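Asker: Handing you a structure now.
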Amino acid sequence: QVRSSPLYTPALLLIFLGAFTKSAQFPFHFWLPGAMSAPTPASAYLHSATMVKAGIYLLARLHPALSETLLWSGTLTAVGAFTFLFASFVAIRQVDIKALLAYSTVAMLGTLTMLLGLGGHYAQEAVVTNILSHALYKSPLFMIAGIIDHETGTRDMRLLGGLRKRLPRTMVLCAIALISMAGIPPLLGFVAKEWVLKGALESPLDQSLRYLVLAVVVASAALTIVSAWRMFKQVFLGAASEEVAAKHPHEPALGMLLAPAVPALLTVLLPLGLLPTVSALLSPAAASVAGEALTFDLYLWEGLSVALGLSVLAIGGGVALASIEQRVAGLRTPWPERWRGATIFDGIIDGTLALATSLTRLIQGGRLRRYIANTFLALLLIVGLPFVLYGLNDPRNPLVVPFDAELQLYEIIAASLVPIGVFATVTARSRLGAIIAVSVVGAMIALFFALFSAPDLALTQLLIEVLSTVFLVLVFSVLPSRFETLSARWVRTRDAMIAIVVGLLMGTIALVSASSGMFAPLAPYFLANSLPAAQGANVVNVILVDFRGFDTLGEVTVLFIAAVGIYSLLRMRNTPPKVRSKAPMIAQHHVATPPQKPDLIEEREAVRDV
């Protein structure tokens, strides 16, 4: 059912986007090597086990429902295989220990993604096996990187060397983990790599695709051997630099070596007699990936096979490349700098900030008129467009309200005075005339409340009108008595069109909402429950205090906060600024201050008070 849904393709592409970015698949791989600021124990935990594999975990859990399509298998196989090969090559070029290990983590994440795309029981078994194997060799490597950094003060492999004499125990643990990472028998990394090859050999994909994947696996495994050898050689072999030797690096305490020693030794002990236990541990996980009951048996040796031959080929190729590792590391990448993931990401961030700056300058221009216009335009876009597309198509939302009674003359007069008052307000040339005209609109609305049996609302409306009129008269008393035309005609025409459209939208929404038959009306419920449930005969008061109590509490809180803020500003108005320290005052005595005229001082104080 999921795969046959028309939303399968867009949903799967979005899942791919989230999983690929979370698990550092190409071209989103660059964040993982760049996230190396954490202490090495945190890096060991995050890189080897949990965080970076969250995308892989999501794909594995969704495998039973979303797999068995060309989009699933083709995308995961292609992206995973390319990430595997790409990261294996880039790891060789790194000079920072943690960067090398981070790119090898990207390579393993590409391997797991590729296996989920290959399909088949061997691939599903290889996913869980490699998750365990990778955790057991990558966590000690990151902690050993921390030991080396702590003892020498650097992770730059060009400055290291000769640490085999000063850190022999650390060298042994590092060698074990690197051998497992390189897939050399008899360590657990070799068993995991064998299962990757089996997964590619037994995949239900086309034969040509299987051969291409096998070539990628063999080449990437060989490159992994080169990066492992390169790290071991440049850190522990050769001669130490003078800077490192001057720090006198020494073996850390045994307690510090215990943490990397446990997983490193497990990579040796598990293949030598404990693989049945490992298989029993991993079988339920593999069954979850497959979506059906599944048990499998890991083994170190099954005799001569194609997978073993490919492993030997990869090891031989890795040894051959390791002999010329300097040349391999010096190869220039054909990928242009401008097309690299980090460069593109930085460009997107810079573009986003530039766009935000431009929008801020456009929207936050410092003019109240522009703020109101932008608010109304956003309202038309967010509310008006969906309302026109969907709110007017339902026959249960008539645009004409049926009238059960004939209109009275006084109702027609009151209704006519509202648009007349609005028009008079817009066209008024004097401020006092505009105040009187807009008061007519409010008075007629209060009259409608009184005519339709809402005396409390009428009183509230009258109170608001009186306060608004007094406030406007007080404000406009310090302004010129007449309006002046300060904007162009096209600006006023634009604003008028926006105002008309917004008014039509709000009026239509109110009309449709009041006449809609889509939902049962709320009025009968409040009329029936106000007195018995809330002990109040005034339905409006009961709604405000009981049914909408928290809403009213929020409104009162907002008003209280605004009042406190206004009171605080008024108290601060005449408070002289405080001097924070005496030093600026001393410095000011050395500056000649021009004398101020008394009338100029009084004028500035008056301006400040205003």
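Ligands are numbered from 1 in the order shown, residues from 1 within each chain, and chains are lettered A, B, ... in the order they appear in the structure tokens.
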Please provide the set of residues having any atom within 6 Å of stretch 104-107 of chain A, restricted to only C-alpha atoms, with same-chain residues fewer than 5 positions apart removed, written as a ChimeraX atom specification.
Answerer: /A:84,87-88
Asker: Within 10 Å of stretch 289-305 of chain A, counting only C-alpha atoms, which residues show up once you throw out same-chain ones fewer than 3 positions away? Write them as number ranges by chain, please.
Answerer: A: 57, 59-65, 67, 116, 119-129, 185-188, 190-192, 194-195, 198, 271-286, 308-311
Asker: List the spatial neighbours of A:Ala342 as an NGL selection string - criterion: any atom at most 12 Å away, only C-alpha atoms, same-chain residues fewer than 6 positions off excluded.
Answerer: :A and (26-34 or 336 or 348-349)
Asker: Generate a file of the selected residues that holds all heavy atoms, formatted as a JSON list (two decimals), in the first residue's frame.
Answerer:
[["chain", "number", "residue", "atom", "x", "y", "z"],
["A", 26, "PHE", "N", 27.42, 11.63, 0.22],
["A", 26, "PHE", "CA", 27.77, 12.62, -0.78],
["A", 26, "PHE", "C", 26.50, 13.16, -1.44],
["A", 26, "PHE", "O", 25.60, 12.37, -1.77],
["A", 26, "PHE", "CB", 28.68, 11.95, -1.84],
["A", 26, "PHE", "CG", 29.18, 12.91, -2.89],
["A", 26, "PHE", "CD1", 30.36, 13.59, -2.69],
["A", 26, "PHE", "CD2", 28.47, 13.12, -4.05],
["A", 26, "PHE", "CE1", 30.82, 14.48, -3.64],
["A", 26, "PHE", "CE2", 28.91, 14.00, -5.01],
["A", 26, "PHE", "CZ", 30.10, 14.68, -4.80],
["A", 27, "PRO", "N", 26.35, 14.46, -1.63],
["A", 27, "PRO", "CA", 27.33, 15.54, -1.42],
["A", 27, "PRO", "C", 27.20, 16.24, -0.07],
["A", 27, "PRO", "O", 27.66, 17.36, 0.07],
["A", 27, "PRO", "CB", 26.98, 16.49, -2.56],
["A", 27, "PRO", "CG", 25.50, 16.38, -2.68],
["A", 27, "PRO", "CD", 25.16, 14.95, -2.36],
["A", 28, "PHE", "N", 26.56, 15.60, 0.90],
["A", 28, "PHE", "CA", 26.38, 16.21, 2.23],
["A", 28, "PHE", "C", 27.40, 15.68, 3.24],
["A", 28, "PHE", "O", 27.18, 15.77, 4.44],
["A", 28, "PHE", "CB", 24.97, 15.93, 2.73],
["A", 28, "PHE", "CG", 23.88, 16.23, 1.73],
["A", 28, "PHE", "CD1", 23.19, 15.21, 1.10],
["A", 28, "PHE", "CD2", 23.56, 17.53, 1.41],
["A", 28, "PHE", "CE1", 22.20, 15.48, 0.18],
["A", 28, "PHE", "CE2", 22.57, 17.82, 0.50],
["A", 28, "PHE", "CZ", 21.89, 16.79, -0.12],
["A", 29, "HIS", "N", 28.51, 15.15, 2.74],
["A", 29, "HIS", "CA", 29.47, 14.48, 3.60],
["A", 29, "HIS", "C", 30.36, 15.44, 4.38],
["A", 29, "HIS", "O", 30.97, 15.05, 5.39],
["A", 29, "HIS", "CB", 30.38, 13.61, 2.72],
["A", 29, "HIS", "CG", 31.17, 14.42, 1.73],
["A", 29, "HIS", "ND1", 30.61, 14.91, 0.58],
["A", 29, "HIS", "CD2", 32.45, 14.89, 1.75],
["A", 29, "HIS", "CE1", 31.52, 15.61, -0.09],
["A", 29, "HIS", "NE2", 32.64, 15.61, 0.61],
["A", 30, "PHE", "N", 30.47, 16.69, 3.92],
["A", 30, "PHE", "CA", 31.53, 17.57, 4.41],
["A", 30, "PHE", "C", 31.35, 17.96, 5.86],
["A", 30, "PHE", "O", 32.31, 18.34, 6.53],
["A", 30, "PHE", "CB", 31.58, 18.83, 3.55],
["A", 30, "PHE", "CG", 30.27, 19.56, 3.47],
["A", 30, "PHE", "CD1", 29.95, 20.53, 4.40],
["A", 30, "PHE", "CD2", 29.35, 19.26, 2.48],
["A", 30, "PHE", "CE1", 28.73, 21.19, 4.34],
["A", 30, "PHE", "CE2", 28.14, 19.92, 2.41],
["A", 30, "PHE", "CZ", 27.83, 20.89, 3.35],
["A", 31, "TRP", "N", 30.10, 17.89, 6.38],
["A", 31, "TRP", "CA", 29.90, 18.36, 7.75],
["A", 31, "TRP", "C", 30.56, 17.44, 8.76],
["A", 31, "TRP", "O", 31.01, 17.89, 9.83],
["A", 31, "TRP", "CB", 28.40, 18.48, 8.06],
["A", 31, "TRP", "CG", 27.68, 17.16, 8.21],
["A", 31, "TRP", "CD1", 26.96, 16.50, 7.27],
["A", 31, "TRP", "CD2", 27.61, 16.36, 9.40],
["A", 31, "TRP", "NE1", 26.45, 15.35, 7.78],
["A", 31, "TRP", "CE2", 26.83, 15.23, 9.08],
["A", 31, "TRP", "CE3", 28.12, 16.49, 10.68],
["A", 31, "TRP", "CZ2", 26.57, 14.23, 10.01],
["A", 31, "TRP", "CZ3", 27.85, 15.49, 11.61],
["A", 31, "TRP", "CH2", 27.08, 14.38, 11.27],
["A", 32, "LEU", "N", 30.65, 16.14, 8.47],
["A", 32, "LEU", "CA", 31.17, 15.21, 9.46],
["A", 32, "LEU", "C", 32.66, 15.42, 9.70],
["A", 32, "LEU", "O", 33.08, 15.53, 10.86],
["A", 32, "LEU", "CB", 30.86, 13.77, 9.02],
["A", 32, "LEU", "CG", 30.97, 12.69, 10.10],
["A", 32, "LEU", "CD1", 30.02, 11.55, 9.81],
["A", 32, "LEU", "CD2", 32.39, 12.14, 10.20],
["A", 33, "PRO", "N", 33.52, 15.49, 8.67],
["A", 33, "PRO", "CA", 34.94, 15.80, 8.97],
["A", 33, "PRO", "C", 35.12, 17.19, 9.56],
["A", 33, "PRO", "O", 36.08, 17.43, 10.28],
["A", 33, "PRO", "CB", 35.61, 15.69, 7.59],
["A", 33, "PRO", "CG", 34.70, 14.84, 6.77],
["A", 33, "PRO", "CD", 33.32, 15.17, 7.25],
["A", 34, "GLY", "N", 34.19, 18.11, 9.28],
["A", 34, "GLY", "CA", 34.31, 19.44, 9.85],
["A", 34, "GLY", "C", 33.88, 19.53, 11.29],
["A", 34, "GLY", "O", 34.18, 20.51, 11.97],
["A", 336, "PRO", "N", 36.42, 20.34, -9.04],
["A", 336, "PRO", "CA", 36.75, 21.77, -8.87],
["A", 336, "PRO", "C", 36.38, 22.26, -7.48],
["A", 336, "PRO", "O", 35.44, 21.78, -6.85],
["A", 336, "PRO", "CB", 35.89, 22.46, -9.95],
["A", 336, "PRO", "CG", 35.51, 21.39, -10.91],
["A", 336, "PRO", "CD", 35.45, 20.12, -10.11],
["A", 348, "ILE", "N", 25.42, 28.87, -0.04],
["A", 348, "ILE", "CA", 23.99, 28.90, 0.30],
["A", 348, "ILE", "C", 23.76, 29.72, 1.57],
["A", 348, "ILE", "O", 22.82, 30.52, 1.65],
["A", 348, "ILE", "CB", 23.45, 27.47, 0.46],
["A", 348, "ILE", "CG1", 23.48, 26.74, -0.89],
["A", 348, "ILE", "CG2", 22.04, 27.47, 1.02],
["A", 348, "ILE", "CD1", 23.10, 25.29, -0.80],
["A", 349, "ILE", "N", 24.62, 29.53, 2.56],
["A", 349, "ILE", "CA", 24.48, 30.29, 3.81],
["A", 349, "ILE", "C", 24.66, 31.78, 3.55],
["A", 349, "ILE", "O", 23.89, 32.63, 4.02],
["A", 349, "ILE", "CB", 25.49, 29.79, 4.86],
["A", 349, "ILE", "CG1", 25.17, 28.34, 5.26],
["A", 349, "ILE", "CG2", 25.47, 30.69, 6.09],
["A", 349, "ILE", "CD1", 23.82, 28.16, 5.89]]
Asker: For each of A:Ile56, A:Val95, A:Leu13, A:Val491, take the minimum atom-to-atom distance to A:Gly330, counting only C-alpha atoms, then give the residue where this is smallest.
Answerer: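 Nearest candidate to A:Gly330 out of A:Ile56, A:Val95, A:Leu13, A:Val491: A:Val95.
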Asker: Based on DSSP run over this structure's backbone, return all residues of stretch 94-234 of chain A in alpha helix (DSSP H), as a VMD selection string.
Answerer: chain A and resid 97 to 118 121 to 152 168 to 182 188 to 201 207 to 234
Asker: Considering only C-alpha atoms, state which residue in the set A:Val196, A:Val564, A:Val440, A:Met143 is at the smallest distance from A:Val213.
Answerer: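 The shortest atom-to-atom distance to A:Val213 comes from A:Val196.
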Asker: Within 12 Å of stretch 379-390 of chain A, counting only C-alpha atoms, which residues qualify if same-chain residues fewer than 5 places away don't, as an mmCIF file with N, CA, C and O atoms, in the first residue's frame?
Answerer:
data_model
loop_
_atom_site.group_PDB
_atom_site.id
_atom_site.type_symbol
_atom_site.label_atom_id
_atom_site.label_comp_id
_atom_site.auth_asym_id
_atom_site.auth_seq_id
_atom_site.Cartn_x
_atom_site.Cartn_y
_atom_site.Cartn_z
ATOM 1 N N ILE A 372 2.140 48.383 7.756
ATOM 2 C CA ILE A 372 0.728 47.990 7.659
ATOM 3 C C ILE A 372 0.442 47.364 6.295
ATOM 4 O O ILE A 372 -0.265 46.349 6.192
ATOM 5 N N ALA A 373 1.000 47.943 5.226
ATOM 6 C CA ALA A 373 0.769 47.393 3.893
ATOM 7 C C ALA A 373 1.339 45.981 3.771
ATOM 8 O O ALA A 373 0.689 45.083 3.221
ATOM 9 N N ASN A 374 2.531 45.774 4.302
ATOM 10 C CA ASN A 374 3.124 44.428 4.240
ATOM 11 C C ASN A 374 2.306 43.423 5.046
ATOM 12 O O ASN A 374 2.151 42.265 4.643
ATOM 13 N N PRO A 395 -20.968 24.571 -1.444
ATOM 14 C CA PRO A 395 -22.330 25.127 -1.514
ATOM 15 C C PRO A 395 -22.937 25.376 -0.149
ATOM 16 O O PRO A 395 -23.929 26.097 -0.037
ATOM 17 N N ASN A 397 -21.636 27.132 2.029
ATOM 18 C CA ASN A 397 -21.179 28.448 2.459
ATOM 19 C C ASN A 397 -21.773 29.516 1.551
ATOM 20 O O ASN A 397 -21.091 30.070 0.685
ATOM 21 N N ILE A 498 -5.401 47.950 -1.751
ATOM 22 C CA ILE A 498 -5.106 46.970 -0.699
ATOM 23 C C ILE A 498 -6.170 47.017 0.379
ATOM 24 O O ILE A 498 -6.677 45.985 0.847
ATOM 25 N N ALA A 499 -6.563 48.228 0.789
ATOM 26 C CA ALA A 499 -7.562 48.367 1.842
ATOM 27 C C ALA A 499 -8.912 47.801 1.409
ATOM 28 O O ALA A 499 -9.597 47.116 2.186
ATOM 29 N N ILE A 500 -9.293 48.061 0.158
ATOM 30 C CA ILE A 500 -10.588 47.559 -0.327
ATOM 31 C C ILE A 500 -10.597 46.044 -0.378
ATOM 32 O O ILE A 500 -11.552 45.387 0.066
ATOM 33 N N VAL A 501 -9.518 45.454 -0.900
ATOM 34 C CA VAL A 501 -9.464 43.992 -1.011
ATOM 35 C C VAL A 501 -9.465 43.345 0.367
ATOM 36 O O VAL A 501 -10.148 42.338 0.602
ATOM 37 N N VAL A 502 -8.701 43.923 1.308
ATOM 38 C CA VAL A 502 -8.669 43.359 2.665
ATOM 39 C C VAL A 502 -10.040 43.481 3.315
ATOM 40 O O VAL A 502 -10.527 42.557 3.982
ATOM 41 N N GLY A 503 -10.708 44.622 3.122
ATOM 42 C CA GLY A 503 -12.038 44.775 3.691
ATOM 43 C C GLY A 503 -13.027 43.785 3.115
ATOM 44 O O GLY A 503 -13.835 43.185 3.854
ATOM 45 N N LEU A 504 -12.990 43.589 1.785
ATOM 46 C CA LEU A 504 -13.875 42.596 1.172
ATOM 47 C C LEU A 504 -13.574 41.192 1.689
ATOM 48 O O LEU A 504 -14.499 40.402 1.943
ATOM 49 N N LEU A 505 -12.270 40.894 1.862
ATOM 50 C CA LEU A 505 -11.904 39.566 2.363
ATOM 51 C C LEU A 505 -12.451 39.341 3.772
ATOM 52 O O LEU A 505 -13.088 38.304 4.043
ATOM 53 N N MET A 506 -12.224 40.278 4.671
ATOM 54 C CA MET A 506 -12.669 40.091 6.050
ATOM 55 C C MET A 506 -14.187 40.051 6.133
ATOM 56 O O MET A 506 -14.773 39.258 6.891
ATOM 57 N N GLY A 507 -14.861 40.901 5.351
ATOM 58 C CA GLY A 507 -16.319 40.864 5.366
ATOM 59 C C GLY A 507 -16.870 39.560 4.828
ATOM 60 O O GLY A 507 -17.832 38.988 5.381
ATOM 61 N N THR A 508 -16.252 39.056 3.756
ATOM 62 C CA THR A 508 -16.709 37.789 3.177
ATOM 63 C C THR A 508 -16.445 36.628 4.120
ATOM 64 O O THR A 508 -17.282 35.720 4.264
ATOM 65 N N ILE A 509 -15.299 36.651 4.783
ATOM 66 C CA ILE A 509 -15.008 35.585 5.749
ATOM 67 C C ILE A 509 -16.038 35.604 6.879
ATOM 68 O O ILE A 509 -16.554 34.543 7.296
ATOM 69 N N ALA A 510 -16.364 36.791 7.384
ATOM 70 C CA ALA A 510 -17.359 36.879 8.453
ATOM 71 C C ALA A 510 -18.724 36.390 7.967
ATOM 72 O O ALA A 510 -19.437 35.662 8.681
ATOM 73 N N VAL A 512 -19.389 34.277 5.393
ATOM 74 C CA VAL A 512 -19.364 32.828 5.147
ATOM 75 C C VAL A 512 -19.339 32.064 6.462
ATOM 76 O O VAL A 512 -20.002 31.028 6.614
ATOM 77 N N SER A 513 -18.568 32.564 7.426
ATOM 78 C CA SER A 513 -18.496 31.865 8.712
ATOM 79 C C SER A 513 -19.842 31.865 9.416
ATOM 80 O O SER A 513 -20.248 30.860 10.021
#
Asker: Near A:Gly347, counting only C-alpha atoms, which residues have an atom at most 10 Å away, once you skip same-chain residues fewer than 6 positions from it, shown as a compact mmCIF listing (two decimals) with C-alpha atoms, in the first residue's frame?
Answerer:
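Now in result.txt:
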# COMPACT_ATOMS: atom_id res chain seq x y z
CA ARG A 338 33.68 25.67 -6.51
CA GLY A 341 30.10 20.45 -0.83
CA LEU A 353 22.01 35.92 4.85
Asker: Report, in Å to a single decimal, how far apart atom CA of A:Ser288 and atom CA of A:Leu17 are.
Answerer: 22.4 Å
Asker: Report the distance between atom CA of A:Leu313 and atom CA of A:Gly238 in Å, rounded to one decimal place.
Answerer: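 Taking atom CA of A:Leu313 and atom CA of A:Gly238, their separation equals 28.7 Å.
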Asker: Using only C-alpha atoms, which residues sit within 8 Å of stretch 546-551 of chain A once same-chain residues fewer than 4 positions away are excluded, as a VMD selection string?
Answerer: chain A and resid 534 542 555
Asker: Let me see the file: selected residues, C-alpha atoms, as a JSON list (two decimals), in the first residue's frame.
Answerer:
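Result went into again15.json, see below:
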[["chain", "number", "residue", "atom", "x", "y", "z"],
["A", 534, "ALA", "CA", -21.38, 28.22, 34.95],
["A", 542, "VAL", "CA", -19.87, 33.48, 31.01],
["A", 555, "GLU", "CA", -5.44, 39.33, 27.29]]
Asker: Go through A:Val79, A:Val262, A:Ala523, A:Leu167 one by one, measure the shortest atom-to-atom distance of each to A:Pro140 using only C-alpha atoms, and give the residue with the smallest value.
Answerer: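 Residue with the minimum atom-to-atom distance to A:Pro140: A:Val262.
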Asker: Quick one: residues within 12 Å of stretch 458-460 of chain A, only C-alpha atoms, excluding same-chain residues fewer than 6 positions away - as number ranges by chain?
Answerer: A: 442-452, 466-467, 540
Asker: For each of A:Leu112, A:Val319, A:Met497, A:Ala78, take the minimum atom-to-atom distance to A:Phe376, counting only C-alpha atoms, then give the residue where this is smallest.
Answerer: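 Ranking A:Leu112, A:Val319, A:Met497, A:Ala78 by distance to A:Phe376, first place goes to A:Met497.
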Asker: I'd like the interatomic distance between atom CA of A:Ala562 and atom CA of A:Tyr371, to a tenth of an Å.
Answerer: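 Interatomic distance here is 21.0 Å.
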